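Structure file structure14.cif (mmCIF, C-alpha atoms) follows.
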```cif
data_model
#
loop_
_atom_site.label_atom_id
_atom_site.label_comp_id
_atom_site.auth_asym_id
_atom_site.auth_seq_id
_atom_site.Cartn_x
_atom_site.Cartn_y
_atom_site.Cartn_z
CA MET V 1 2.99 -1.52 -20.80
CA GLU V 2 6.65 -2.06 -19.92
CA LYS V 3 6.86 1.37 -18.30
CA ASP V 4 3.71 0.62 -16.27
CA MET V 5 5.23 -2.64 -15.04
CA ASN V 6 8.44 -0.82 -14.08
CA GLN V 7 6.34 1.68 -12.09
CA TYR V 8 4.47 -1.19 -10.44
CA VAL V 9 7.74 -2.90 -9.42
CA LEU V 10 9.14 0.39 -8.11
CA SER V 11 6.01 0.98 -6.06
CA LEU V 12 6.27 -2.53 -4.56
CA LEU V 13 9.91 -2.00 -3.64
CA GLU V 14 9.38 1.49 -2.27
CA ASN V 15 6.35 0.44 -0.24
CA ASP V 16 7.91 -2.72 1.19
CA PRO V 17 8.34 -1.28 4.71
CA GLN V 18 4.66 -0.30 4.76
CA MET V 19 3.68 -3.74 3.44
CA ILE V 20 5.68 -5.42 6.22
CA ARG V 21 3.99 -3.15 8.76
CA LYS V 22 0.54 -4.04 7.39
CA ILE V 23 1.36 -7.76 7.48
CA GLU V 24 2.44 -7.50 11.11
CA LEU V 25 -0.65 -5.46 11.96
CA MET V 26 -2.92 -8.04 10.32
CA ARG V 27 -1.05 -10.91 12.02
CA TYR V 28 -1.68 -9.32 15.41
CA GLU V 29 -5.31 -8.46 14.69
CA LEU V 30 -6.03 -11.98 13.46
CA ARG V 31 -4.39 -13.47 16.51
CA PHE V 32 -6.48 -11.35 18.84
CA ALA V 33 -9.50 -10.77 16.61
CA LYS V 34 -12.41 -9.19 18.37
CA ALA V 35 -15.44 -11.37 17.93
CA VAL V 36 -19.07 -10.45 18.24
CA THR V 37 -19.76 -10.77 21.94
CA PRO V 38 -22.73 -12.62 23.40
CA GLN V 39 -24.03 -9.30 24.78
CA GLU V 40 -23.95 -7.67 21.33
CA MET V 41 -25.81 -10.60 19.80
CA ILE V 42 -28.46 -10.56 22.53
CA GLU V 43 -28.99 -6.83 21.91
CA VAL V 44 -29.36 -7.37 18.16
CA MET V 45 -31.87 -10.16 18.70
CA THR V 46 -33.73 -8.28 21.43
CA TYR V 47 -34.06 -4.97 19.65
CA ALA V 48 -34.68 -6.23 16.12
CA LYS V 49 -37.72 -4.41 14.74
CA LYS V 50 -40.71 -6.36 13.63
CA GLY V 51 -40.90 -6.74 9.88
CA THR V 52 -37.13 -6.66 9.36
CA GLN V 53 -35.30 -9.65 7.97
CA VAL V 54 -33.53 -10.23 11.32
CA ALA V 55 -36.83 -10.20 13.23
CA ALA V 56 -38.54 -12.46 10.69
CA GLU V 57 -35.74 -15.04 10.99
CA MET V 58 -35.89 -15.14 14.79
CA PRO V 59 -37.58 -18.20 16.27
CA ARG V 60 -40.07 -17.76 19.10
CA ASP V 61 -39.28 -20.80 21.26
CA VAL V 62 -36.40 -20.87 23.78
CA PRO V 63 -34.37 -23.74 22.17
CA GLY V 64 -34.80 -22.13 18.76
CA ILE V 65 -33.68 -18.76 20.09
CA ALA V 66 -30.59 -20.33 21.69
CA LEU V 67 -29.63 -22.16 18.47
CA SER V 68 -30.33 -19.09 16.38
CA TYR V 69 -28.21 -16.95 18.70
CA ARG V 70 -25.29 -19.39 18.44
CA ASP V 71 -25.55 -19.79 14.65
CA ILE V 72 -25.76 -16.07 13.95
CA THR V 73 -22.87 -15.30 16.31
CA GLU V 74 -20.67 -17.94 14.67
CA ARG V 75 -21.58 -16.72 11.18
CA LEU V 76 -20.79 -13.08 12.01
CA ASN V 77 -17.50 -13.99 13.66
CA GLN V 78 -16.55 -16.17 10.70
CA GLU V 79 -17.29 -13.32 8.26
CA ILE V 80 -15.10 -10.93 10.25
CA ILE V 81 -12.19 -13.38 10.37
CA SER V 82 -12.63 -14.41 6.75
CA GLU V 83 -12.35 -10.85 5.42
CA ALA V 84 -9.32 -10.07 7.56
CA LEU V 85 -7.66 -13.36 6.62
CA GLU V 86 -8.20 -12.67 2.93
CA THR V 87 -6.47 -9.29 3.25
CA TYR V 88 -3.63 -10.83 5.25
CA MET V 89 -3.07 -13.64 2.74
CA SER V 90 -3.10 -11.19 -0.16
CA LEU V 91 -0.39 -9.10 1.51
CA LEU V 92 1.68 -12.19 2.29
CA ARG V 93 1.41 -13.47 -1.29
CA GLU V 94 2.46 -10.12 -2.74
CA GLN V 95 5.45 -9.80 -0.44
CA ASP V 96 6.50 -13.41 -0.97
CA ARG V 97 6.27 -12.97 -4.73
CA LEU V 98 8.42 -9.84 -4.60
CA LEU V 99 11.07 -11.49 -2.41
CA HIS V 100 11.13 -14.58 -4.62
CA TYR V 101 11.59 -12.52 -7.78
CA VAL V 102 14.36 -10.48 -6.13
CA ASP V 103 16.08 -13.78 -5.25
CA LEU V 104 16.04 -14.67 -8.96
CA LEU V 105 18.13 -11.62 -9.87
CA SER V 106 21.88 -11.82 -10.36
CA ALA V 107 23.91 -11.62 -7.16
CA ARG V 108 24.98 -8.00 -7.78
CA GLU V 109 21.46 -6.85 -8.70
CA ARG V 110 19.96 -8.65 -5.70
CA GLU V 111 22.58 -7.12 -3.40
CA ILE V 112 21.85 -3.59 -4.58
CA ILE V 113 18.05 -3.97 -4.51
CA THR V 114 18.22 -5.50 -1.03
CA ALA V 115 20.59 -2.84 0.30
CA TYR V 116 18.66 0.10 -1.14
CA TYR V 117 15.02 -0.92 -0.72
CA PHE V 118 14.96 -3.46 2.09
CA ASP V 119 17.89 -2.27 4.22
CA GLN V 120 17.27 1.39 3.23
CA ARG V 121 20.94 2.23 2.80
CA SER V 122 22.10 5.29 0.85
CA TRP V 123 23.70 5.14 -2.59
CA SER V 124 27.02 6.28 -1.16
CA GLU V 125 26.96 3.49 1.46
CA ILE V 126 26.07 0.90 -1.16
CA SER V 127 28.70 2.04 -3.64
CA LYS V 128 31.37 2.21 -0.94
CA SER V 129 30.60 -1.30 0.36
CA LEU V 130 30.61 -2.76 -3.18
CA GLY V 131 33.62 -0.79 -4.39
CA ILE V 132 31.73 0.82 -7.30
CA SER V 133 30.62 4.34 -8.13
CA PRO V 134 27.13 5.50 -7.11
CA ARG V 135 26.37 5.93 -10.81
CA THR V 136 27.22 2.26 -11.47
CA ALA V 137 25.14 1.18 -8.48
CA TYR V 138 22.22 3.20 -9.78
CA ALA V 139 22.62 1.70 -13.28
CA ILE V 140 22.63 -1.83 -11.81
CA ARG V 141 19.50 -0.92 -9.85
CA SER V 142 17.77 0.24 -13.04
CA GLN V 143 18.75 -2.99 -14.76
CA ALA V 144 17.37 -4.97 -11.81
CA ILE V 145 14.07 -3.05 -11.97
CA ASP V 146 13.82 -3.91 -15.67
CA GLU V 147 14.50 -7.58 -14.87
CA LEU V 148 11.83 -7.62 -12.17
CA ALA V 149 9.34 -5.93 -14.50
CA THR V 150 10.07 -8.59 -17.13
CA MET V 151 9.46 -11.34 -14.56
CA TYR V 152 6.17 -9.81 -13.44
CA SER V 153 5.04 -9.31 -17.04
CA TYR V 154 5.91 -12.87 -17.97
CA ALA V 155 4.11 -14.37 -14.98
CA ASN V 156 1.08 -12.14 -15.54
CA GLN V 157 0.84 -13.26 -19.18
CA ILE V 158 1.17 -16.95 -18.33
CA PHE V 159 -1.13 -17.02 -15.32
CA ALA V 160 -3.36 -14.04 -16.13
CA VAL V 161 -2.51 -12.47 -12.78
CA GLU V 162 -4.06 -9.06 -12.23
#
```
Translate the structure described by the file into structure tokens.
Amino acid sequence: MEKDMNQYVLSLLENDPQMIRKIELMRYELRFAKAVTPQEMIEVMTYAKKGTQVAAEMPRDVPGIALSYRDITERLNQEIISEALETYMSLLREQDRLLHYVDLLSAREREIITAYYFDQRSWSEISKSLGISPRTAYAIRSQAIDELATMYSYANQIFAVE
């Protein structure tokens, strides 16, 4: 279990640049989300086959058709946005959780984790800037990973987070 949590923490740290990229991608897509266009909705309503659920739900009078068109368009657009927003919020929560837990580490552990994973500096750069050997920096990093894994395990037990 502990080894699995360490692997999970390592994967979060190693994939942080990709997570940031996905968050920015989702932020853009949500901002400029492509909605179902009026033309697409008219085509769906026009070419719905008789006997299908869509055709059975279609009213036959003009006011009913207009209201149905508007309601269906709004529902489809809301579903599209809702799914994308759920993905976006999940990514944000996961990144925020990781950054918060890293902030709870000791100053030295936080500095090494930040430099290696977030700033993507080499071990020699990190050890030189901190005045320690690369082996010591790597040992502090391992200790920080263990600390993060303990934090994740503890929170998962308390709040039954999956």
Q: Evaluate the PyMOL selection byres ((chain V and resi 117) around 12) and record the selected residues as a ChimeraX atom specification, following the chain and residue labels used in the document.
A: /V:9-18,98-99,102,109-116,118-123,126,141,145
(Q) Nearest residue to V:Gln95 out of V:Gln7, V:Ser127, V:Gln143, V:Ile23, using all atoms listed in the file? (A) V:Ile23
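For the pair atom CA of V:Glu79 and atom CA of V:Ile20, the interatomic distance is 24.4 Å.
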Q. Between V:Leu104, V:Ala137, V:Ala149, V:Met26, which has the minimum distance to V:Ala84 (counting all atoms listed in the file)?
A.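 Distance minimum relative to V:Ala84 lands on V:Met26.
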Q: Please measure the separation of atom CA of V:Leu91 and atom CA of V:Tyr152, giving the value in Å to one decimal.
A: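 These two atoms are separated by 16.3 Å.
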Q. Given the choices V:Ser82, V:Arg108, V:Arg97, V:Met89, which gets closest to V:Ser129 if the distance is worked out from all atoms listed in the file?
A.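 Of all the options, V:Arg108 lies closest to V:Ser129.
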Q.
Rounded to one decimal, what separation in Å do you get between atom CA of V:His100 and atom CA of V:Tyr154?
A.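 For atom CA of V:His100 relative to atom CA of V:Tyr154, the distance reads 14.4 Å.
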Q | Selected residue, from V:Arg21, V:Tyr101, V:Ile80, V:Arg75, that lies nearest to V:Asp146 when counting only C-alpha atoms | A | V:Tyr101
Can you tell me, as AutoDock Vina command-line options, the centre and edge lengths (Å, one decimal) of the axis-aligned box enclosing all of stretch 87-95 of chain V's listed atoms after padding each side by 8 Å?
```
--center_x -0.5 --center_y -11.4 --center_z 1.3 --size_x 27.9 --size_y 20.5 --size_z 24.0
```
Q) For V:Ala107, which residue among V:Ile140, V:Asn6, V:Gln78, V:Leu30 is the nearest when counting only C-alpha atoms? A)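 Of the candidates, the smallest distance to V:Ala107 is held by V:Ile140.
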